>>> print(open('work-v6.txt').read())   # compact mmCIF, C-alpha atoms
# COMPACT_ATOMS: atom_id res chain seq x y z
CA MET A 29 194.62 6.90 15.01
CA VAL A 30 191.66 7.54 12.73
CA LEU A 31 188.46 8.97 14.19
CA PRO A 32 185.79 7.83 14.87
CA VAL A 33 187.15 4.95 16.93
CA LEU A 34 185.21 1.68 17.22
CA ALA A 35 182.47 2.91 14.93
CA ALA A 36 181.14 0.66 12.17
CA ASN A 37 181.16 3.59 9.73
CA GLY A 38 184.81 4.50 10.30
CA ASP A 39 187.17 4.83 7.33
CA ALA A 40 190.40 3.64 8.97
CA ILE A 41 190.77 0.35 7.10
CA LEU A 42 189.55 1.88 3.82
CA TRP A 43 192.24 4.56 3.93
CA GLN A 44 194.88 2.05 4.98
CA THR A 45 193.93 -0.23 2.08
CA GLU A 46 193.91 2.60 -0.44
CA THR A 47 197.51 3.40 0.53
CA LYS A 48 198.50 -0.28 0.29
CA GLY A 49 199.14 -0.44 4.01
CA TYR A 50 201.38 2.64 4.04
CA PHE A 51 200.60 3.34 7.70
CA ARG A 52 199.61 1.31 10.74
CA ILE A 53 196.35 2.10 12.54
CA LEU A 54 195.19 1.82 16.13
CA ASP A 55 191.64 1.06 15.14
CA GLY A 56 189.80 -0.79 12.42
CA TYR A 57 186.39 -1.44 10.93
CA GLY A 58 183.68 -2.80 13.19
CA ASP A 59 182.15 -2.12 16.59
CA PHE A 60 184.63 -4.06 18.73
CA VAL A 61 187.61 -3.38 20.97
CA PRO A 62 190.94 -4.94 19.91
CA PRO A 63 192.37 -6.93 22.87
CA PRO A 64 195.41 -4.64 23.47
CA PHE A 65 193.07 -1.67 23.98
CA ILE A 66 190.50 -3.25 26.28
CA HIS A 67 189.91 -1.27 29.49
CA TRP A 68 192.08 1.73 28.56
CA PRO A 69 189.92 4.57 29.98
CA VAL A 70 190.12 6.76 26.88
CA ILE A 71 188.70 4.02 24.66
CA GLN A 72 185.39 4.32 26.48
CA MET A 73 185.32 8.07 25.81
CA LEU A 74 186.25 7.66 22.16
CA GLY A 75 183.69 4.91 21.68
CA GLN A 76 180.94 7.04 23.22
CA GLY A 77 181.90 10.05 21.11
CA ALA A 78 182.44 12.40 24.05
CA ALA A 79 185.53 13.69 25.86
CA GLY A 80 184.93 12.83 29.51
CA PRO A 81 186.83 14.07 32.56
CA GLY A 82 190.58 13.63 32.28
CA PHE A 83 190.43 13.13 28.51
CA SER A 84 193.59 15.09 27.74
CA LYS A 85 195.84 13.07 30.03
CA GLN A 86 194.19 9.77 29.20
CA PHE A 87 194.36 10.31 25.45
CA ASN A 88 198.00 11.33 25.55
CA LEU A 89 199.01 8.41 27.79
CA PHE A 90 197.25 6.00 25.44
CA MET A 91 198.86 7.45 22.32
CA LYS A 92 202.32 7.53 23.91
CA TYR A 93 202.11 3.93 25.09
CA PHE A 94 201.31 2.71 21.58
CA GLY A 95 203.62 5.19 19.86
CA ALA A 96 200.90 6.74 17.70
CA GLN A 97 201.84 10.32 16.86
CA THR A 98 199.19 11.24 14.28
CA VAL A 99 195.41 11.60 14.47
CA LEU A 100 193.24 11.82 11.37
CA ALA A 101 189.73 13.18 11.71
CA PRO A 102 187.26 13.71 8.86
CA ALA A 103 185.27 16.93 8.86
CA SER A 104 182.29 15.22 10.51
CA GLN A 105 184.44 14.45 13.55
CA LEU A 106 186.15 17.83 13.92
CA THR A 107 183.19 19.40 15.71
CA ILE A 108 183.23 16.52 18.20
CA TRP A 109 186.97 16.10 18.78
CA GLY A 110 188.74 19.18 17.42
CA ALA A 111 188.56 21.28 20.58
CA ALA A 112 189.31 18.29 22.83
CA LEU A 113 192.45 17.39 20.86
CA ARG A 114 193.66 20.98 20.87
CA ARG A 115 193.22 21.15 24.65
CA ALA A 116 195.30 17.98 24.88
CA GLY A 117 198.16 19.72 23.08
CA TRP A 118 197.60 18.48 19.53
CA HIS A 119 197.96 20.88 16.62
CA GLU A 120 195.63 20.73 13.65
CA LYS A 121 196.34 21.10 9.95
CA LEU A 122 193.34 20.99 7.65
CA ILE A 123 193.98 19.07 4.41
CA GLY A 124 190.87 19.13 2.27
CA HIS A 125 188.12 17.69 4.45
CA ILE A 126 190.54 15.95 6.83
CA GLY A 127 192.03 17.30 10.02
CA LEU A 128 195.57 16.04 10.63
CA PHE A 129 196.65 16.39 14.27
CA THR A 130 200.25 16.12 15.48
CA MET A 131 202.13 17.15 18.60
CA HIS A 132 205.33 19.14 18.94
CA ALA A 133 208.35 16.95 19.72
CA LYS A 134 209.00 18.64 23.08
CA SER A 135 205.41 18.12 24.25
CA TRP A 136 205.45 14.51 23.04
CA ALA A 137 208.68 13.82 24.91
CA SER A 138 207.15 15.15 28.16
CA ILE A 139 204.38 12.52 28.18
CA PRO A 140 205.36 9.59 30.42
CA VAL A 141 205.07 5.99 29.29
CA LEU A 142 202.74 4.30 31.77
CA SER A 143 201.35 0.80 31.76
CA ARG A 144 197.64 0.21 31.26
CA SER A 145 197.34 -0.67 34.96
CA ASP A 146 198.99 2.58 36.09
CA THR A 147 196.86 4.58 33.67
CA ILE A 148 193.66 2.94 34.91
CA PHE A 149 194.72 3.58 38.51
CA ARG A 150 195.21 7.29 37.86
CA MET A 151 191.83 7.55 36.17
CA THR A 152 189.83 5.51 38.67
CA SER A 153 191.47 7.18 41.66
CA ALA A 154 190.42 10.60 40.39
CA HIS A 155 186.98 9.22 39.51
CA LEU A 156 186.42 7.83 43.01
CA ALA A 157 187.57 11.10 44.56
CA ALA A 158 185.07 13.03 42.43
CA LEU A 159 182.21 10.70 43.34
CA LYS A 160 183.16 10.81 47.02
CA GLY A 161 183.23 14.61 46.87
CA ALA A 162 179.84 14.63 45.16
CA ALA A 163 178.38 12.36 47.83
CA THR A 164 179.68 14.60 50.62
CA CYS A 165 178.30 17.66 48.86
CA MET A 166 174.88 16.04 48.45
CA ILE A 167 174.74 14.94 52.10
CA ASP A 168 175.62 18.49 53.17
CA LYS A 169 172.70 19.70 51.07
CA GLY A 170 170.36 17.21 52.78
CA ALA A 171 169.65 15.35 49.55
CA THR A 172 167.25 12.42 49.68
CA ILE A 173 168.09 11.31 46.13
CA LEU A 174 171.67 10.34 45.38
CA ASN A 175 172.85 9.56 41.87
CA PRO A 176 175.09 11.23 39.27
CA GLY A 177 172.21 13.05 37.58
CA ALA A 178 171.01 14.56 40.85
CA ALA A 179 174.60 15.44 41.84
CA ILE A 180 175.20 17.22 38.54
CA ALA A 181 171.92 19.13 38.86
CA ALA A 182 172.88 20.20 42.39
CA GLY A 183 176.29 21.42 41.28
CA CYS A 184 178.06 18.66 43.24
CA LEU A 185 179.52 16.77 40.26
CA ALA A 186 181.07 18.08 37.07
CA PRO A 187 178.69 17.80 34.09
CA ASP A 188 181.29 16.05 31.93
CA PHE A 189 180.89 12.88 34.00
CA GLY A 190 177.43 12.60 32.50
CA ALA A 191 174.54 10.58 33.85
CA GLY A 192 172.96 7.35 32.70
CA PRO A 193 169.50 7.45 31.10
CA GLY A 194 166.54 7.81 33.41
CA PRO A 195 166.16 9.95 36.55
CA ALA A 196 166.95 7.07 38.94
CA ASN A 197 170.07 5.78 37.17
CA ASN A 198 172.99 5.43 39.58
CA TRP A 199 175.63 5.14 36.83
CA ASP A 200 177.55 7.92 35.17
CA LYS A 201 178.84 7.71 31.62
CA MET A 202 182.35 6.78 32.80
CA SER A 203 181.19 3.53 34.47
CA GLY A 204 181.10 5.13 37.89
CA TRP A 205 178.29 4.48 40.38
CA LEU A 206 176.89 6.70 43.11
CA GLY A 207 173.96 5.98 45.40
CA PHE A 208 172.52 4.78 48.68
CA LEU A 209 173.21 1.21 49.80
CA GLY A 210 170.74 0.78 52.60
CA ASN A 211 171.86 3.22 55.29
CA GLU A 212 175.26 3.62 53.68
CA ILE A 213 176.56 5.62 50.73
CA GLY A 214 178.26 3.79 47.89
CA VAL A 215 180.81 5.12 45.44
CA SER A 216 182.02 2.80 42.75
CA VAL A 217 184.21 2.29 39.69
CA VAL A 218 184.72 -0.68 37.40
CA THR A 219 188.32 -1.83 37.34
CA SER A 220 190.78 -4.71 37.56
CA GLY A 221 191.59 -6.60 40.75
CA THR A 222 195.15 -5.27 40.78
CA VAL A 223 193.95 -1.68 40.60
CA ALA A 224 191.16 -2.39 43.11
CA ASN A 225 193.77 -3.39 45.68
CA ARG A 226 195.60 -0.11 45.15
CA LEU A 227 192.37 1.88 45.41
CA VAL A 228 191.29 0.16 48.61
CA LYS A 229 194.57 1.11 50.29
CA GLN A 230 193.61 4.75 49.95
CA ALA A 231 189.88 4.33 50.59
CA GLY A 232 190.06 6.06 53.97
CA ASP A 233 189.19 5.06 57.51
CA GLY A 234 185.51 5.86 56.99
CA ALA A 235 184.85 2.89 54.71
CA ALA A 236 182.17 0.66 56.30
CA LYS A 237 182.05 -2.09 53.65
CA ILE A 238 183.96 -2.84 50.48
CA TYR A 239 182.71 -5.08 47.66
CA PHE A 240 184.70 -6.54 44.76
CA PRO A 241 183.53 -7.76 42.42
CA TYR A 242 180.12 -6.61 43.64
CA PRO A 243 178.16 -8.17 45.35
CA LYS A 244 181.05 -10.19 46.84
CA ILE A 245 182.85 -8.83 49.89
CA TYR A 246 186.30 -7.58 48.96
CA ASN A 247 189.27 -9.83 49.67
CA SER A 248 192.70 -8.55 48.71
CA GLN A 249 194.06 -12.03 47.96
CA THR A 250 191.27 -13.22 45.70
CA ALA A 251 191.00 -9.79 44.06
CA LYS A 252 194.38 -10.32 42.39
CA SER A 253 192.91 -12.94 40.10
CA ILE A 254 189.89 -10.87 39.02
CA SER A 255 190.44 -9.35 35.60
CA TRP A 256 187.56 -6.86 35.74
CA GLY A 257 184.71 -6.08 38.11
CA GLN A 258 182.79 -3.45 40.04
CA LEU A 259 184.47 -2.06 43.17
CA ILE A 260 182.03 -0.46 45.60
CA ILE A 261 183.25 1.36 48.69
CA ALA A 262 180.40 2.00 51.12
CA TYR A 263 180.59 4.69 53.77
CA ASP A 264 178.52 5.64 56.75
CA PRO A 265 177.37 9.23 56.17
CA GLY A 266 179.57 10.44 59.03
CA GLY A 267 182.48 8.28 57.94
CA LEU A 268 182.31 9.68 54.43
CA LYS A 269 183.22 13.14 55.71
CA SER A 270 186.06 11.86 57.86
CA ALA A 271 187.51 9.55 55.22
CA LYS A 272 190.96 10.40 53.99
CA PRO A 273 190.96 11.83 50.44
CA ASN A 274 192.06 9.58 47.59
>>> encode(input="work-v6.txt", output="structure tokens")
Amino acid sequence: MVLPVLAANGDAILWQTETKGYFRILDGYGDFVPPPFIHWPVIQMLGQGAAGPGFSKQFNLFMKYFGAQTVLAPASQLTIWGAALRRAGWHEKLIGHIGLFTMHAKSWASIPVLSRSDTIFRMTSAHLAALKGAATCMIDKGATILNPGAAIAAGCLAPDFGAGPGPANNWDKMSGWLGFLGNEIGVSVVTSGTVANRLVKQAGDGAAKIYFPYPKIYNSQTAKSISWGQLIIAYDPGGLKSAKPN
């Protein structure tokens, strides 16, 4: 992997060409997502240039699945990704103006090989749990405004989730959604129909309404055929507190 990923000014293909194709690369030149990588959670973080929540696990699962054991990062990217890669267990060797990151064999062997679906499920399950916890925290504080930015400001949501632009934006930077839906409270992630079915099973008894893909009412049978959409689980304020944790 050559950083930055999915950036039009990346040098991945240049370096590969200069070495006459000596090494394979996970990314190329141009602002697009190669089909095998679409919807892997870490790709969103890499594309945005920020290590979001769960980056270490998500990055390592992605690299292990594709068998990529080396990361190259030019000096301009080291300030952005150096610390995040080291926290994920990667060790840096500086060669000129390039950081070469590798992982010890024992650490590499300990990373499981999970499918994209299982990886997305792990990420979205933790994401929903965080948003649900933030909603409960905000209700306990008597908040009249409910969105990721307000939750972060109130200390109810970790800052690394980030908030969309504008004070009334209900999206976080990880494609999560938090806000009021009429008299109910909605928490949401964007995911596949297969993963949505798994998430709904652990939504908790307090769920009042479930939508997928929003604004359609969730149906477990039709969800199977949906490749990607927004899952919203809406809770009554009282039901949110009594809902089983993810």
>>> residues_near_point(input="work-v6.txt", point="(183.2, 6.8, 39.7)", cutoff="8 Å", atoms="only C-alpha atoms", output="ChimeraX atom specification")
/A:152,155-159,200,202-206,215-218
>>> closest_residue(input="work-v6.txt", among="A:Asp264, A:Asp146, A:Glu120, A:Glu46", to="Gly210 in chain A", atoms="all atoms listed in the file")
A:Asp264
>>> closest_residue(input="work-v6.txt", among="A:Ile139, A:Ala111, A:Ile148, A:Val99", to="Val70 in chain A", atoms="only C-alpha atoms")
A:Ile148
>>> atom_distance(input="work-v6.txt", atom1="CA of Asp39 in chain A", atom2="CA of Pro62 in chain A")
16.4 Å
>>> closest_residue(input="work-v6.txt", among="A:Trp43, A:Trp256, A:Trp68, A:Phe90", to="Ile126 in chain A", atoms="all atoms listed in the file")
A:Trp43
>>> atom_distance(input="work-v6.txt", atom1="CA of Ser153 in chain A", atom2="CA of Ala96 in chain A")
25.8 Å
>>> atom_distance(input="work-v6.txt", atom1="CA of Ala191 in chain A", atom2="CA of Tyr246 in chain A")
26.4 Å
>>> residues_around(input="work-v6.txt", residues="Gly95 in chain A", least_positions_apart="6", cutoff="12 Å", atoms="only C-alpha atoms", output="ChimeraX atom specification")
/A:29,52-54,87-89,136-137,139-142
>>> write_last_selection(input="work-v6.txt", atoms="C-alpha atoms", output="PDB file, in the frame of the given file")
ATOM      1  CA  MET A  29     194.620   6.900  15.010  1.00  0.00           C
ATOM      2  CA  ARG A  52     199.610   1.310  10.740  1.00  0.00           C
ATOM      3  CA  ILE A  53     196.350   2.100  12.540  1.00  0.00           C
ATOM      4  CA  LEU A  54     195.190   1.820  16.130  1.00  0.00           C
ATOM      5  CA  PHE A  87     194.360  10.310  25.450  1.00  0.00           C
ATOM      6  CA  ASN A  88     198.000  11.330  25.550  1.00  0.00           C
ATOM      7  CA  LEU A  89     199.010   8.410  27.790  1.00  0.00           C
ATOM      8  CA  TRP A 136     205.450  14.510  23.040  1.00  0.00           C
ATOM      9  CA  ALA A 137     208.680  13.820  24.910  1.00  0.00           C
ATOM     10  CA  ILE A 139     204.380  12.520  28.180  1.00  0.00           C
ATOM     11  CA  PRO A 140     205.360   9.590  30.420  1.00  0.00           C
ATOM     12  CA  VAL A 141     205.070   5.990  29.290  1.00  0.00           C
ATOM     13  CA  LEU A 142     202.740   4.300  31.770  1.00  0.00           C
TER      14      LEU A 142
END
>>> residues_around(input="work-v6.txt", residues="Arg115 in chain A", least_positions_apart="4", cutoff="10 Å", atoms="all atoms listed in the file", output="PyMOL selection string")
chain A and resi 83-84+109-111+119
>>> closest_residue(input="work-v6.txt", among="A:Ala235, A:Pro69, A:Gly257, A:Ala40", to="Phe149 in chain A", atoms="all atoms listed in the file")
A:Pro69
>>> residues_around(input="work-v6.txt", residues="range 76-81 of chain A", least_positions_apart="2", cutoff="8 Å", atoms="all atoms listed in the file", output="VMD selection string")
chain A and resid 32 72 to 74 83 108 to 109 112 188 to 189 202
>>> build_atoms(input="work-v6.txt", residues="range 115-128 of chain A", atoms="N, CA, C and O atoms", output="CSV table (one decimal), keeping the file's coordinate frame")
chain,number,residue,atom,x,y,z
A,115,ARG,N,193.0,21.0,23.2
A,115,ARG,CA,193.2,21.2,24.6
A,115,ARG,C,194.3,20.1,25.1
A,115,ARG,O,195.0,20.4,26.1
A,116,ALA,N,194.3,19.0,24.5
A,116,ALA,CA,195.3,18.0,24.9
A,116,ALA,C,196.7,18.3,24.3
A,116,ALA,O,197.6,17.5,24.6
A,117,GLY,N,196.8,19.3,23.6
A,117,GLY,CA,198.2,19.7,23.1
A,117,GLY,C,198.4,19.3,21.7
A,117,GLY,O,199.6,19.4,21.2
A,118,TRP,N,197.4,18.9,20.9
A,118,TRP,CA,197.6,18.5,19.5
A,118,TRP,C,197.3,19.7,18.6
A,118,TRP,O,196.4,20.4,18.9
A,119,HIS,N,198.1,19.8,17.5
A,119,HIS,CA,198.0,20.9,16.6
A,119,HIS,C,197.4,20.4,15.3
A,119,HIS,O,197.8,19.4,14.7
A,120,GLU,N,196.4,21.2,14.8
A,120,GLU,CA,195.6,20.7,13.6
A,120,GLU,C,196.1,21.4,12.4
A,120,GLU,O,196.4,22.6,12.3
A,121,LYS,N,196.1,20.6,11.3
A,121,LYS,CA,196.3,21.1,10.0
A,121,LYS,C,195.2,20.5,9.1
A,121,LYS,O,195.0,19.3,9.0
A,122,LEU,N,194.5,21.4,8.5
A,122,LEU,CA,193.3,21.0,7.6
A,122,LEU,C,193.8,20.7,6.2
A,122,LEU,O,194.4,21.6,5.6
A,123,ILE,N,193.6,19.5,5.8
A,123,ILE,CA,194.0,19.1,4.4
A,123,ILE,C,192.7,18.6,3.7
A,123,ILE,O,192.2,17.5,4.0
A,124,GLY,N,192.2,19.5,2.9
A,124,GLY,CA,190.9,19.1,2.3
A,124,GLY,C,189.8,19.0,3.3
A,124,GLY,O,189.6,20.0,4.1
A,125,HIS,N,189.2,17.9,3.4
A,125,HIS,CA,188.1,17.7,4.4
A,125,HIS,C,188.6,16.8,5.6
A,125,HIS,O,187.8,16.3,6.4
A,126,ILE,N,189.9,16.8,5.8
A,126,ILE,CA,190.5,16.0,6.8
A,126,ILE,C,191.4,16.8,7.8
A,126,ILE,O,192.2,17.6,7.3
A,127,GLY,N,191.2,16.6,9.0
A,127,GLY,CA,192.0,17.3,10.0
A,127,GLY,C,193.2,16.4,10.4
A,127,GLY,O,192.9,15.2,10.8
A,128,LEU,N,194.4,16.8,10.3
A,128,LEU,CA,195.6,16.0,10.6
A,128,LEU,C,196.2,16.7,11.9
A,128,LEU,O,196.6,17.8,11.9
